[in-house]
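Have a look at run-v4.txt; it's compact mmCIF, C-alpha atoms:
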```
# COMPACT_ATOMS: atom_id res chain seq x y z
CA MET A 7 0.96 7.78 -3.72
CA THR A 8 -1.21 5.20 -2.07
CA GLU A 9 -4.57 6.33 -3.40
CA ILE A 10 -7.61 4.12 -2.74
CA THR A 11 -11.21 4.12 -1.69
CA SER A 12 -10.84 1.57 1.10
CA ARG A 13 -13.10 -1.45 1.46
CA ARG A 14 -13.36 -3.86 4.34
CA GLY A 15 -13.03 -7.56 3.63
CA LEU A 16 -11.11 -10.69 4.50
CA LEU A 17 -7.48 -10.72 5.51
CA PHE A 18 -4.94 -12.28 3.16
CA GLY A 19 -1.27 -12.95 3.83
CA ALA A 20 0.93 -11.69 1.01
CA ALA A 21 4.44 -12.83 0.21
CA ALA A 22 6.95 -10.08 0.83
CA VAL A 23 8.89 -8.65 -2.10
CA SER A 24 10.64 -5.29 -1.97
CA ALA A 25 10.79 -2.50 -4.55
CA GLY A 26 12.51 -2.54 -7.92
CA ALA A 27 12.42 -0.98 -11.35
CA LEU A 28 9.33 -0.83 -13.54
CA LEU A 29 9.63 -3.43 -16.30
CA THR A 30 7.61 -3.75 -19.47
CA GLY A 31 6.72 -6.51 -21.86
CA CYS A 32 6.44 -10.22 -21.23
CA THR A 33 8.01 -11.63 -18.07
CA SER A 34 9.83 -14.93 -18.31
CA ASN A 35 8.30 -17.74 -16.33
CA GLU A 36 11.68 -19.12 -15.33
CA PRO A 37 12.41 -18.54 -11.62
CA SER A 38 15.19 -16.08 -10.97
CA ASP A 39 18.44 -17.19 -9.34
CA SER A 40 19.80 -13.66 -9.02
CA LYS A 41 21.57 -12.82 -5.79
CA ASP A 42 20.12 -9.32 -6.12
CA GLU A 43 16.59 -10.65 -5.63
CA PRO A 44 14.99 -9.18 -2.48
CA ALA A 45 15.16 -11.31 0.64
CA GLY A 46 11.38 -11.16 0.99
CA ASN A 47 11.03 -13.12 -2.23
CA ASP A 48 12.16 -16.22 -0.31
CA GLN A 49 8.64 -16.38 1.10
CA PRO A 50 6.76 -19.44 -0.22
CA ALA A 51 3.99 -19.03 -2.77
CA VAL A 52 0.43 -19.96 -1.80
CA ASP A 53 0.38 -22.98 -4.14
CA ASP A 54 3.52 -23.56 -6.18
CA LYS A 55 2.47 -26.90 -7.65
CA PRO A 56 2.41 -26.33 -11.43
CA GLY A 57 -1.00 -26.33 -13.10
CA LYS A 58 -2.69 -24.94 -16.18
CA GLN A 59 -0.69 -22.29 -18.02
CA VAL A 60 -2.06 -18.81 -17.28
CA THR A 61 -1.27 -15.50 -18.98
CA ILE A 62 -1.87 -12.58 -16.64
CA GLY A 63 -2.07 -9.02 -17.93
CA PHE A 64 -0.90 -6.39 -15.44
CA ALA A 65 -1.76 -2.70 -15.86
CA GLY A 66 -0.92 -0.03 -13.31
CA PRO A 67 -0.30 3.70 -13.18
CA GLN A 68 3.06 5.34 -13.76
CA ALA A 69 5.51 4.42 -11.00
CA ASP A 70 6.13 8.01 -9.89
CA HIS A 71 6.17 7.16 -6.18
CA GLY A 72 8.18 4.62 -4.21
CA TRP A 73 5.07 2.65 -3.28
CA LEU A 74 3.88 2.37 -6.90
CA ASN A 75 7.33 1.28 -8.01
CA ALA A 76 7.19 -1.46 -5.38
CA ILE A 77 3.77 -2.54 -6.67
CA ASN A 78 5.23 -3.26 -10.10
CA ASP A 79 8.23 -5.08 -8.67
CA ASN A 80 6.04 -7.21 -6.42
CA ALA A 81 3.87 -8.29 -9.34
CA LYS A 82 6.84 -9.23 -11.51
CA SER A 83 8.74 -11.03 -8.77
CA ARG A 84 5.68 -13.02 -7.73
CA ALA A 85 4.93 -14.13 -11.29
CA GLU A 86 8.50 -15.37 -11.64
CA LYS A 87 7.82 -17.87 -8.84
CA TYR A 88 5.38 -19.77 -11.02
CA SER A 89 6.47 -21.91 -13.97
CA ASP A 90 2.84 -21.87 -15.17
CA VAL A 91 2.44 -18.06 -15.28
CA THR A 92 3.34 -15.63 -18.05
CA LEU A 93 3.05 -11.97 -17.11
CA GLU A 94 2.31 -9.22 -19.63
CA ILE A 95 3.11 -5.83 -18.02
CA THR A 96 2.14 -2.49 -19.52
CA GLU A 97 4.37 0.57 -19.19
CA GLY A 98 1.93 2.23 -16.83
CA SER A 99 0.45 5.70 -17.17
CA ASN A 100 -1.27 8.38 -15.12
CA ASP A 101 -3.15 9.43 -18.25
CA THR A 102 -6.48 7.60 -18.02
CA ALA A 103 -7.00 7.43 -21.79
CA GLN A 104 -3.54 5.93 -22.25
CA GLN A 105 -4.07 3.38 -19.50
CA ILE A 106 -7.43 2.42 -20.97
CA GLY A 107 -5.67 1.85 -24.29
CA GLN A 108 -3.05 -0.34 -22.61
CA ILE A 109 -5.75 -2.45 -20.96
CA GLU A 110 -7.68 -2.76 -24.22
CA THR A 111 -4.49 -4.07 -25.84
CA LEU A 112 -4.30 -6.76 -23.15
CA ILE A 113 -7.96 -7.60 -23.73
CA ASN A 114 -7.31 -7.93 -27.48
CA LYS A 115 -4.38 -10.25 -26.72
CA LYS A 116 -6.93 -12.43 -24.91
CA VAL A 117 -4.97 -12.74 -21.68
CA ASP A 118 -6.54 -15.19 -19.24
CA VAL A 119 -6.82 -12.78 -16.30
CA LEU A 120 -6.26 -9.05 -15.79
CA VAL A 121 -4.76 -7.36 -12.73
CA VAL A 122 -5.49 -3.64 -12.81
CA LEU A 123 -4.42 -0.85 -10.48
CA PRO A 124 -6.23 2.04 -12.12
CA ALA A 125 -4.81 5.56 -12.16
CA ASP A 126 -8.43 6.59 -11.54
CA GLY A 127 -10.92 3.92 -10.48
CA LYS A 128 -13.98 5.84 -11.64
CA ALA A 129 -12.51 6.70 -15.04
CA LEU A 130 -11.41 3.12 -15.75
CA THR A 131 -14.59 1.38 -14.63
CA GLN A 132 -15.84 0.97 -18.19
CA VAL A 133 -12.72 -0.84 -19.38
CA GLY A 134 -13.00 -3.15 -16.37
CA LEU A 135 -16.57 -3.90 -17.43
CA LYS A 136 -15.37 -4.49 -20.99
CA ALA A 137 -12.87 -7.10 -19.83
CA MET A 138 -15.39 -8.88 -17.63
CA ARG A 139 -17.93 -8.97 -20.48
CA ALA A 140 -15.24 -10.43 -22.72
CA GLY A 141 -14.87 -13.31 -20.27
CA ILE A 142 -11.58 -12.07 -18.77
CA PRO A 143 -11.83 -11.94 -14.97
CA VAL A 144 -10.36 -8.81 -13.41
CA VAL A 145 -8.48 -8.53 -10.14
CA ASN A 146 -8.96 -4.88 -9.14
CA LEU A 147 -5.93 -3.79 -7.14
CA ASP A 148 -6.14 -1.01 -4.54
CA ARG A 149 -7.95 1.90 -6.25
CA ILE A 150 -11.44 0.56 -6.70
CA PHE A 151 -13.74 0.62 -9.71
CA ASN A 152 -17.16 2.21 -9.30
CA THR A 153 -19.06 -1.07 -9.53
CA PRO A 154 -18.34 -4.66 -8.45
CA GLN A 155 -19.49 -5.70 -11.92
CA ALA A 156 -16.15 -4.38 -13.25
CA TYR A 157 -14.06 -6.88 -11.27
CA ARG A 158 -14.16 -10.44 -9.99
CA CYS A 159 -12.05 -9.68 -6.91
CA TRP A 160 -10.84 -6.52 -5.20
CA ILE A 161 -7.69 -6.55 -3.04
CA GLY A 162 -6.18 -3.55 -1.34
CA GLY A 163 -5.15 -1.75 1.81
CA ASP A 164 -7.11 -0.28 4.69
CA ASN A 165 -6.72 3.47 5.00
CA TYR A 166 -9.10 3.75 7.93
CA GLY A 167 -7.18 0.93 9.61
CA MET A 168 -3.91 2.81 9.12
CA GLY A 169 -5.22 5.76 11.07
CA LEU A 170 -6.87 3.55 13.67
CA ASN A 171 -3.72 1.56 14.37
CA ALA A 172 -1.51 4.66 14.37
CA GLY A 173 -3.84 6.26 16.91
CA HIS A 174 -3.90 3.22 19.16
CA TYR A 175 -0.11 2.88 19.04
CA ILE A 176 0.35 6.52 20.04
CA GLY A 177 -2.45 6.25 22.58
CA GLU A 178 -0.81 3.31 24.34
CA LYS A 179 2.53 5.09 24.41
CA LEU A 180 0.99 8.21 25.97
CA LYS A 181 -1.82 6.77 28.09
CA GLY A 182 -0.01 7.47 31.34
CA LYS A 183 0.68 11.11 30.45
CA SER A 184 -1.77 13.78 31.58
CA GLY A 185 -2.57 16.49 29.05
CA ALA A 186 -0.82 14.74 26.15
CA ARG A 187 -0.81 16.63 22.86
CA VAL A 188 -0.55 15.10 19.37
CA ILE A 189 -0.34 16.55 15.86
CA GLU A 190 -1.01 15.09 12.42
CA LEU A 191 0.79 15.53 9.09
CA ALA A 192 -1.80 14.31 6.58
CA GLY A 193 -1.65 13.66 2.84
CA LEU A 194 -3.59 15.39 0.09
CA ASP A 195 -6.88 16.56 1.54
CA ASN A 196 -8.80 16.18 -1.71
CA LEU A 197 -8.29 12.41 -1.62
CA GLU A 198 -10.77 10.11 0.09
CA LEU A 199 -7.91 8.01 1.45
CA THR A 200 -6.60 11.00 3.43
CA LYS A 201 -10.01 11.56 4.99
CA GLN A 202 -10.21 7.88 5.92
CA ARG A 203 -6.76 7.89 7.54
CA THR A 204 -7.64 10.97 9.58
CA GLN A 205 -11.02 9.51 10.61
CA GLY A 206 -9.39 6.31 11.83
CA PHE A 207 -6.81 8.28 13.79
CA ASP A 208 -9.44 10.49 15.40
CA ASP A 209 -11.64 7.50 16.28
CA ALA A 210 -8.70 5.75 17.97
CA LEU A 211 -7.83 8.83 20.03
CA LYS A 212 -11.37 8.88 21.44
CA ASN A 213 -10.29 5.91 23.55
CA TYR A 214 -7.65 8.04 25.29
CA PRO A 215 -9.28 10.99 27.12
CA ASN A 216 -5.87 12.24 28.26
CA ILE A 217 -4.84 12.97 24.65
CA LYS A 218 -5.82 15.97 22.56
CA LYS A 219 -5.03 16.50 18.89
CA VAL A 220 -3.90 20.10 18.75
CA ALA A 221 -2.91 20.56 15.10
CA ARG A 222 -3.28 19.01 11.65
CA GLN A 223 -1.54 20.01 8.42
CA ALA A 224 -2.05 18.50 4.96
CA ALA A 225 0.98 17.81 2.74
CA GLU A 226 1.17 16.30 -0.75
CA PHE A 227 2.88 12.92 -0.40
CA THR A 228 6.20 14.41 -1.51
CA VAL A 229 9.49 14.99 0.30
CA GLU A 230 9.35 18.73 -0.41
CA SER A 231 5.82 19.20 0.89
CA GLY A 232 6.57 17.09 3.95
CA GLN A 233 9.50 19.30 4.84
CA ALA A 234 7.63 22.56 4.27
CA LYS A 235 4.45 21.57 6.12
CA MET A 236 6.34 20.00 9.00
CA ALA A 237 8.36 23.17 9.41
CA GLN A 238 5.08 25.09 9.72
CA LEU A 239 3.77 22.67 12.33
CA LEU A 240 6.96 22.89 14.37
CA GLN A 241 6.86 26.66 14.30
CA ALA A 242 3.21 26.75 15.39
CA GLN A 243 3.49 24.05 18.07
CA SER A 244 6.27 24.63 20.56
CA LYS A 245 5.38 21.51 22.53
CA PHE A 246 3.65 18.25 21.66
CA ASP A 247 4.15 14.58 22.50
CA ALA A 248 3.51 12.66 19.29
CA LEU A 249 3.19 13.10 15.53
CA TRP A 250 1.43 10.87 13.03
CA ASN A 251 2.62 11.31 9.45
CA HIS A 252 0.43 9.65 6.78
CA ASP A 253 3.18 8.79 4.30
CA ASP A 254 6.81 7.72 4.66
CA ASP A 255 7.91 9.48 1.45
CA GLN A 256 6.75 12.88 2.73
CA GLY A 257 8.13 11.72 6.07
CA VAL A 258 11.66 12.00 4.65
CA GLY A 259 11.05 15.74 4.34
CA ALA A 260 9.34 15.91 7.71
CA LEU A 261 12.37 14.36 9.39
CA ARG A 262 14.62 16.92 7.68
CA ALA A 263 12.51 19.75 9.12
CA ILE A 264 12.57 18.13 12.56
CA GLU A 265 16.36 17.77 12.44
CA GLN A 266 16.80 21.37 11.25
CA ALA A 267 14.63 22.56 14.13
CA GLY A 268 16.67 20.52 16.60
CA ARG A 269 13.56 18.86 18.00
CA ASP A 270 13.63 15.45 19.67
CA ASP A 271 11.00 15.87 22.37
CA PHE A 272 8.25 13.74 20.80
CA LEU A 273 7.68 10.40 19.11
CA MET A 274 6.76 10.04 15.44
CA VAL A 275 4.74 7.34 13.66
CA GLY A 276 4.91 7.08 9.89
CA GLY A 277 2.75 5.45 7.25
CA ALA A 278 3.09 2.98 4.34
CA GLY A 279 6.34 1.09 5.04
CA ALA A 280 9.27 2.66 3.18
CA LEU A 281 12.72 1.12 3.57
CA SER A 282 14.12 4.43 4.80
CA ALA A 283 11.55 4.45 7.60
CA PHE A 284 12.36 0.87 8.54
CA GLN A 285 16.07 1.67 8.69
CA ALA A 286 15.46 4.71 10.90
CA ILE A 287 13.24 2.67 13.23
CA LYS A 288 15.87 -0.05 13.52
CA GLN A 289 18.64 2.48 14.17
CA ASP A 290 16.44 4.00 16.90
CA ASP A 291 18.35 7.22 17.34
CA GLY A 292 15.68 9.70 16.27
CA VAL A 293 12.01 10.58 16.77
CA LEU A 294 10.65 8.02 14.27
CA LYS A 295 9.64 5.00 16.36
CA ALA A 296 7.09 3.17 14.19
CA THR A 297 5.28 3.12 10.85
CA VAL A 298 1.87 1.72 9.92
CA LEU A 299 1.87 -0.47 6.81
CA TYR A 300 0.03 0.00 3.55
CA PRO A 301 1.73 -3.06 2.02
CA PRO A 302 2.78 -3.06 -1.66
CA THR A 303 2.95 -6.83 -1.29
CA MET A 304 -0.75 -6.67 -2.23
CA ALA A 305 0.45 -6.84 -5.86
CA ALA A 306 2.10 -10.20 -5.17
CA SER A 307 -1.15 -11.42 -3.65
CA ALA A 308 -3.03 -10.10 -6.69
CA ILE A 309 -0.88 -12.34 -8.88
CA ASP A 310 -1.70 -15.29 -6.62
CA LEU A 311 -5.40 -14.49 -6.97
CA ALA A 312 -5.16 -14.07 -10.74
CA ARG A 313 -3.37 -17.41 -11.08
CA ALA A 314 -6.03 -19.10 -8.95
CA LEU A 315 -8.75 -17.57 -11.12
CA GLY A 316 -7.03 -18.73 -14.31
CA GLN A 317 -6.76 -22.25 -12.93
CA SER A 318 -10.26 -22.29 -11.38
CA LYS A 319 -8.86 -22.75 -7.88
CA GLY A 320 -9.66 -21.39 -4.46
CA ILE A 321 -7.14 -20.06 -1.96
CA GLY A 322 -5.04 -22.42 0.12
CA GLY A 323 -6.08 -22.29 3.76
CA LEU A 324 -9.72 -21.45 3.01
CA ALA A 325 -12.53 -23.98 2.63
CA GLU A 326 -14.23 -22.22 -0.28
CA PHE A 327 -13.87 -23.52 -3.84
CA GLU A 328 -13.69 -19.95 -5.19
CA ILE A 329 -11.52 -16.96 -4.26
CA PRO A 330 -13.29 -14.25 -2.22
CA SER A 331 -14.74 -11.18 -3.90
CA SER A 332 -12.94 -8.76 -1.57
CA LEU A 333 -9.75 -8.89 0.50
CA THR A 334 -8.56 -6.08 2.74
CA LEU A 335 -4.97 -6.21 3.98
CA TYR A 336 -4.13 -5.47 7.59
CA SER A 337 -2.30 -2.26 8.50
CA ALA A 338 0.30 -3.68 10.86
CA VAL A 339 2.35 -1.38 13.07
CA VAL A 340 6.09 -1.91 12.66
CA ASP A 341 8.42 -0.76 15.43
CA LYS A 342 11.74 -1.94 16.85
CA THR A 343 10.11 -5.05 18.33
CA ASN A 344 9.22 -6.55 14.92
CA ILE A 345 11.29 -4.54 12.42
CA ASP A 346 13.42 -7.50 11.35
CA GLN A 347 10.34 -9.41 10.23
CA TYR A 348 9.26 -6.63 7.87
CA MET A 349 12.57 -5.17 6.71
CA SER A 350 12.61 -7.07 3.39
CA THR A 351 9.20 -5.60 2.44
CA GLY A 352 10.35 -1.97 2.67
CA PHE A 353 10.07 -0.03 -0.58
CA LYS A 354 12.55 2.55 -1.89
```
Kindly transcribe the structure held in the file into structure tokens.
Amino acid sequence: MTEITSRRGLLFGAAAVSAGALLTGCTSNEPSDSKDEPAGNDQPAVDDKPGKQVTIGFAGPQADHGWLNAINDNAKSRAEKYSDVTLEITEGSNDTAQQIGQIETLINKKVDVLVVLPADGKALTQVGLKAMRAGIPVVNLDRIFNTPQAYRCWIGGDNYGMGLNAGHYIGEKLKGKSGARVIELAGLDNLELTKQRTQGFDDALKNYPNIKKVARQAAEFTVESGQAKMAQLLQAQSKFDALWNHDDDQGVGALRAIEQAGRDDFLMVGGAGALSAFQAIKQDDGVLKATVLYPPTMAASAIDLARALGQSKGIGGLAEFEIPSSLTLYSAVVDKTNIDQYMSTGFK
């Protein structure tokens, strides 16, 4: 699931690469000519002129969610664009001790740069510090370490922005309707990211006095929980005008419950950017009309940043000689008007 303590920072355009299988070991630096390569991988790299050889170590959690699987695929596919990059990928683990061990192995191999998406940012802060003290710069991806001393650069999504943009999209669709009612299918309530998404949504709705949020139910970022919790919401709310669902994976279950209930009297906005959601939006024959991105392409951008660090470069398009210390990606709203642009980035 897309777990993160969100930070605000600069915007950074990532190349689009869609989801694939988790791979381990050392990635070849020869560009792939496979016809199975995602269409989004045709996007140009930030700076593809070969430079100093850089070995990047990549460590993430277990890919037990479509978004996390896409993170791994984005990192691998991006590294393959560069003839001067070798990528060392760990197997990934949700066990913090095991992930720490995997990162320590990369440190002992003396990789040039580390890219780390920690299973638990707080628990892995010390190993981030260890790498930095060993002279290995760390690109902290998404879930943030407890201190900026544990990373050279943080890059990730904007959970508050997801809620804010979802709320504004729904607000604009309903602004001419008196007494409009909306409901919310949230993620895990014990996660800070869920609170941030809800806060952004509520803040956006304050701009639309004709709209009232009448119900909120927390699910668990799974298909099963999405179906069960959505069924409860539908039973409790006989009439509403819009639904915001925090996560497209649990949205698969939510859509099943909606279909079983025979409901089509409202619009639905999803979250994250799954391929299944994109396909439903493009088909445009159901309640799902849009989704707000939490782009896994951030892993591709993390590789760009790691390469720049290893080669002592800045970022193309910016005047600074060094890469920024923090980059927050924009939570774009994807609906039928721009779906073709984003389709190749959808994760499975």
For this session: For the point (0.4, 3.3, 6.0) in the file's frame, write as a list in words all residues with an atom no more than 7 Å away, counting all atoms listed in the file.
Result: Met168, His252, Asp253, Gly277, Ala278, Gly279, Thr297, Val298, Leu299, Tyr300 and Ser337 of chain A
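Nearest-residue note for A:Val122: choosing from A:Trp73, A:Trp160, A:Phe64, A:Tyr175, the minimum distance belongs to A:Phe64, counting all atoms listed in the file.
Between A:Ile321 and the residues A:Thr204, A:Ser307, A:Ser244, A:Ser231, the shortest atom-to-atom distance, using all atoms listed in the file, involves A:Ser307.
For A:Ala296, the set of protein, DNA and RNA residues having any atom at most 6 Å away, when counting only C-alpha atoms and skipping those fewer than 5 positions along the same chain, is Val275, Val340 and Asp341 of chain A.
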For this session: Determine the nearest neighbour of A:Leu194 from the options A:Ile95, A:Ala224, A:Val133, A:Leu74, counting only C-alpha atoms.
Result: A:Ala224
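Interatomic distance, atom CA of A:Ala283 against atom CA of A:Ala81: 22.5 Å.
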Exercise. Please, which residues are within 9 Å of (2.1, 4.7, 18.0) by the file's coordinates, counting all atoms listed in the file, and could they come as a ChimeraX atom specification?
Worked result: /A:171-180,248-250,273-276,295-298,339,341
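If you look at atom CA of A:Leu120 and atom CA of A:Gly57, they are 18.3 Å away from each other.
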Seminar exercise, completed: In Å and to one decimal, atom CA of A:Arg269 is distant from atom CA of A:Gln238 by 13.4 Å
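For A:Phe272, the non-local neighbours within 7 Å, defined as residues at least 4 positions apart in the same chain or in other chains and counting all atoms listed in the file, are Phe246, Asp247, Ala248 and Val293 of chain A.
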Would you mind exporting C-alpha atoms of the selected residues as a CSV table (one decimal), in the frame of the given file?
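The new file selection_34.csv reads:
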```csv
chain,number,residue,atom,x,y,z
A,246,PHE,CA,3.6,18.2,21.7
A,247,ASP,CA,4.2,14.6,22.5
A,248,ALA,CA,3.5,12.7,19.3
A,293,VAL,CA,12.0,10.6,16.8
```
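Residues in contact range of A:Ala125, defined as at most 10 Å between all atoms listed in the file, with sequence neighbours fewer than 6 positions away removed, read Glu9, Ile10, Ala65, Gly66, Pro67, Gln68, Gly98, Ser99, Asn100, Asp101, Thr102, Gln105, Ile106, Arg149 and Ile150 of chain A.
With only C-alpha atoms as the basis for measurement, A:Pro215 is the residue among A:Gly127, A:Gly193, A:Pro215, A:Gly72 that approaches A:Lys181 most closely.
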Problem set entry | Nearest candidate to A:Gly141 (options A:Gln59, A:Ser332, A:Thr343, A:Asn114; using all atoms listed in the file) | A:Asn114
Exercise. Excluding same-chain residues fewer than 3 positions from A:Ala305, what lies within 10 Å of it counting all atoms listed in the file, as a ChimeraX atom specification?
Worked result: /A:20-23,64,74,76-84,121-123,147-148,161-162,301-302,308-311
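Using all atoms listed in the file for every distance, the candidate list A:Lys116, A:Arg262, A:Arg203, A:Arg158 yields A:Arg158 as the residue closest to A:Gly134.
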Using the atoms already present, construct N, CA, C and O atoms for stretch 58-72 of chain A and hand them back as a PDB file, in the frame of the given file.
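The resulting file, rebuild-v6.pdb, is reproduced below:
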```
ATOM      1  N   LYS A  58      -2.378 -25.472 -14.850  1.00  0.00           N
ATOM      2  CA  LYS A  58      -2.690 -24.940 -16.180  1.00  0.00           C
ATOM      3  C   LYS A  58      -1.910 -23.659 -16.432  1.00  0.00           C
ATOM      4  O   LYS A  58      -1.761 -22.815 -15.552  1.00  0.00           O
ATOM      5  N   GLN A  59      -1.396 -23.513 -17.647  1.00  0.00           N
ATOM      6  CA  GLN A  59      -0.690 -22.290 -18.020  1.00  0.00           C
ATOM      7  C   GLN A  59      -1.653 -21.101 -18.021  1.00  0.00           C
ATOM      8  O   GLN A  59      -2.758 -21.193 -18.565  1.00  0.00           O
ATOM      9  N   VAL A  60      -1.219 -20.002 -17.405  1.00  0.00           N
ATOM     10  CA  VAL A  60      -2.060 -18.810 -17.280  1.00  0.00           C
ATOM     11  C   VAL A  60      -1.269 -17.587 -17.714  1.00  0.00           C
ATOM     12  O   VAL A  60      -0.141 -17.382 -17.265  1.00  0.00           O
ATOM     13  N   THR A  61      -1.860 -16.787 -18.598  1.00  0.00           N
ATOM     14  CA  THR A  61      -1.270 -15.500 -18.980  1.00  0.00           C
ATOM     15  C   THR A  61      -2.022 -14.398 -18.246  1.00  0.00           C
ATOM     16  O   THR A  61      -3.236 -14.248 -18.399  1.00  0.00           O
ATOM     17  N   ILE A  62      -1.287 -13.657 -17.443  1.00  0.00           N
ATOM     18  CA  ILE A  62      -1.870 -12.580 -16.640  1.00  0.00           C
ATOM     19  C   ILE A  62      -1.423 -11.245 -17.211  1.00  0.00           C
ATOM     20  O   ILE A  62      -0.229 -10.997 -17.383  1.00  0.00           O
ATOM     21  N   GLY A  63      -2.378 -10.383 -17.510  1.00  0.00           N
ATOM     22  CA  GLY A  63      -2.070  -9.020 -17.930  1.00  0.00           C
ATOM     23  C   GLY A  63      -2.069  -8.108 -16.729  1.00  0.00           C
ATOM     24  O   GLY A  63      -2.994  -8.142 -15.918  1.00  0.00           O
ATOM     25  N   PHE A  64      -1.014  -7.294 -16.588  1.00  0.00           N
ATOM     26  CA  PHE A  64      -0.900  -6.390 -15.440  1.00  0.00           C
ATOM     27  C   PHE A  64      -0.826  -4.956 -15.937  1.00  0.00           C
ATOM     28  O   PHE A  64       0.051  -4.604 -16.727  1.00  0.00           O
ATOM     29  N   ALA A  65      -1.741  -4.112 -15.448  1.00  0.00           N
ATOM     30  CA  ALA A  65      -1.760  -2.700 -15.860  1.00  0.00           C
ATOM     31  C   ALA A  65      -1.875  -1.823 -14.623  1.00  0.00           C
ATOM     32  O   ALA A  65      -2.834  -1.942 -13.854  1.00  0.00           O
ATOM     33  N   GLY A  66      -0.911  -0.952 -14.437  1.00  0.00           N
ATOM     34  CA  GLY A  66      -0.920  -0.030 -13.310  1.00  0.00           C
ATOM     35  C   GLY A  66      -0.605   1.373 -13.761  1.00  0.00           C
ATOM     36  O   GLY A  66      -0.293   1.615 -14.933  1.00  0.00           O
ATOM     37  N   PRO A  67      -0.663   2.324 -12.847  1.00  0.00           N
ATOM     38  CA  PRO A  67      -0.300   3.700 -13.180  1.00  0.00           C
ATOM     39  C   PRO A  67       1.212   3.867 -13.273  1.00  0.00           C
ATOM     40  O   PRO A  67       1.973   2.939 -12.988  1.00  0.00           O
ATOM     41  N   GLN A  68       1.639   5.040 -13.686  1.00  0.00           N
ATOM     42  CA  GLN A  68       3.060   5.340 -13.760  1.00  0.00           C
ATOM     43  C   GLN A  68       3.687   5.237 -12.370  1.00  0.00           C
ATOM     44  O   GLN A  68       3.120   5.707 -11.381  1.00  0.00           O
ATOM     45  N   ALA A  69       4.843   4.620 -12.293  1.00  0.00           N
ATOM     46  CA  ALA A  69       5.510   4.420 -11.000  1.00  0.00           C
ATOM     47  C   ALA A  69       6.271   5.673 -10.595  1.00  0.00           C
ATOM     48  O   ALA A  69       7.503   5.707 -10.578  1.00  0.00           O
ATOM     49  N   ASP A  70       5.522   6.721 -10.241  1.00  0.00           N
ATOM     50  CA  ASP A  70       6.130   8.010  -9.890  1.00  0.00           C
ATOM     51  C   ASP A  70       6.241   8.200  -8.381  1.00  0.00           C
ATOM     52  O   ASP A  70       6.432   9.307  -7.899  1.00  0.00           O
ATOM     53  N   HIS A  71       6.121   7.130  -7.637  1.00  0.00           N
ATOM     54  CA  HIS A  71       6.170   7.160  -6.180  1.00  0.00           C
ATOM     55  C   HIS A  71       6.764   5.828  -5.742  1.00  0.00           C
ATOM     56  O   HIS A  71       6.578   4.807  -6.405  1.00  0.00           O
ATOM     57  N   GLY A  72       7.512   5.835  -4.644  1.00  0.00           N
ATOM     58  CA  GLY A  72       8.180   4.620  -4.210  1.00  0.00           C
ATOM     59  C   GLY A  72       7.226   3.444  -4.038  1.00  0.00           C
ATOM     60  O   GLY A  72       7.539   2.298  -4.392  1.00  0.00           O
TER      61      GLY A  72
END
```
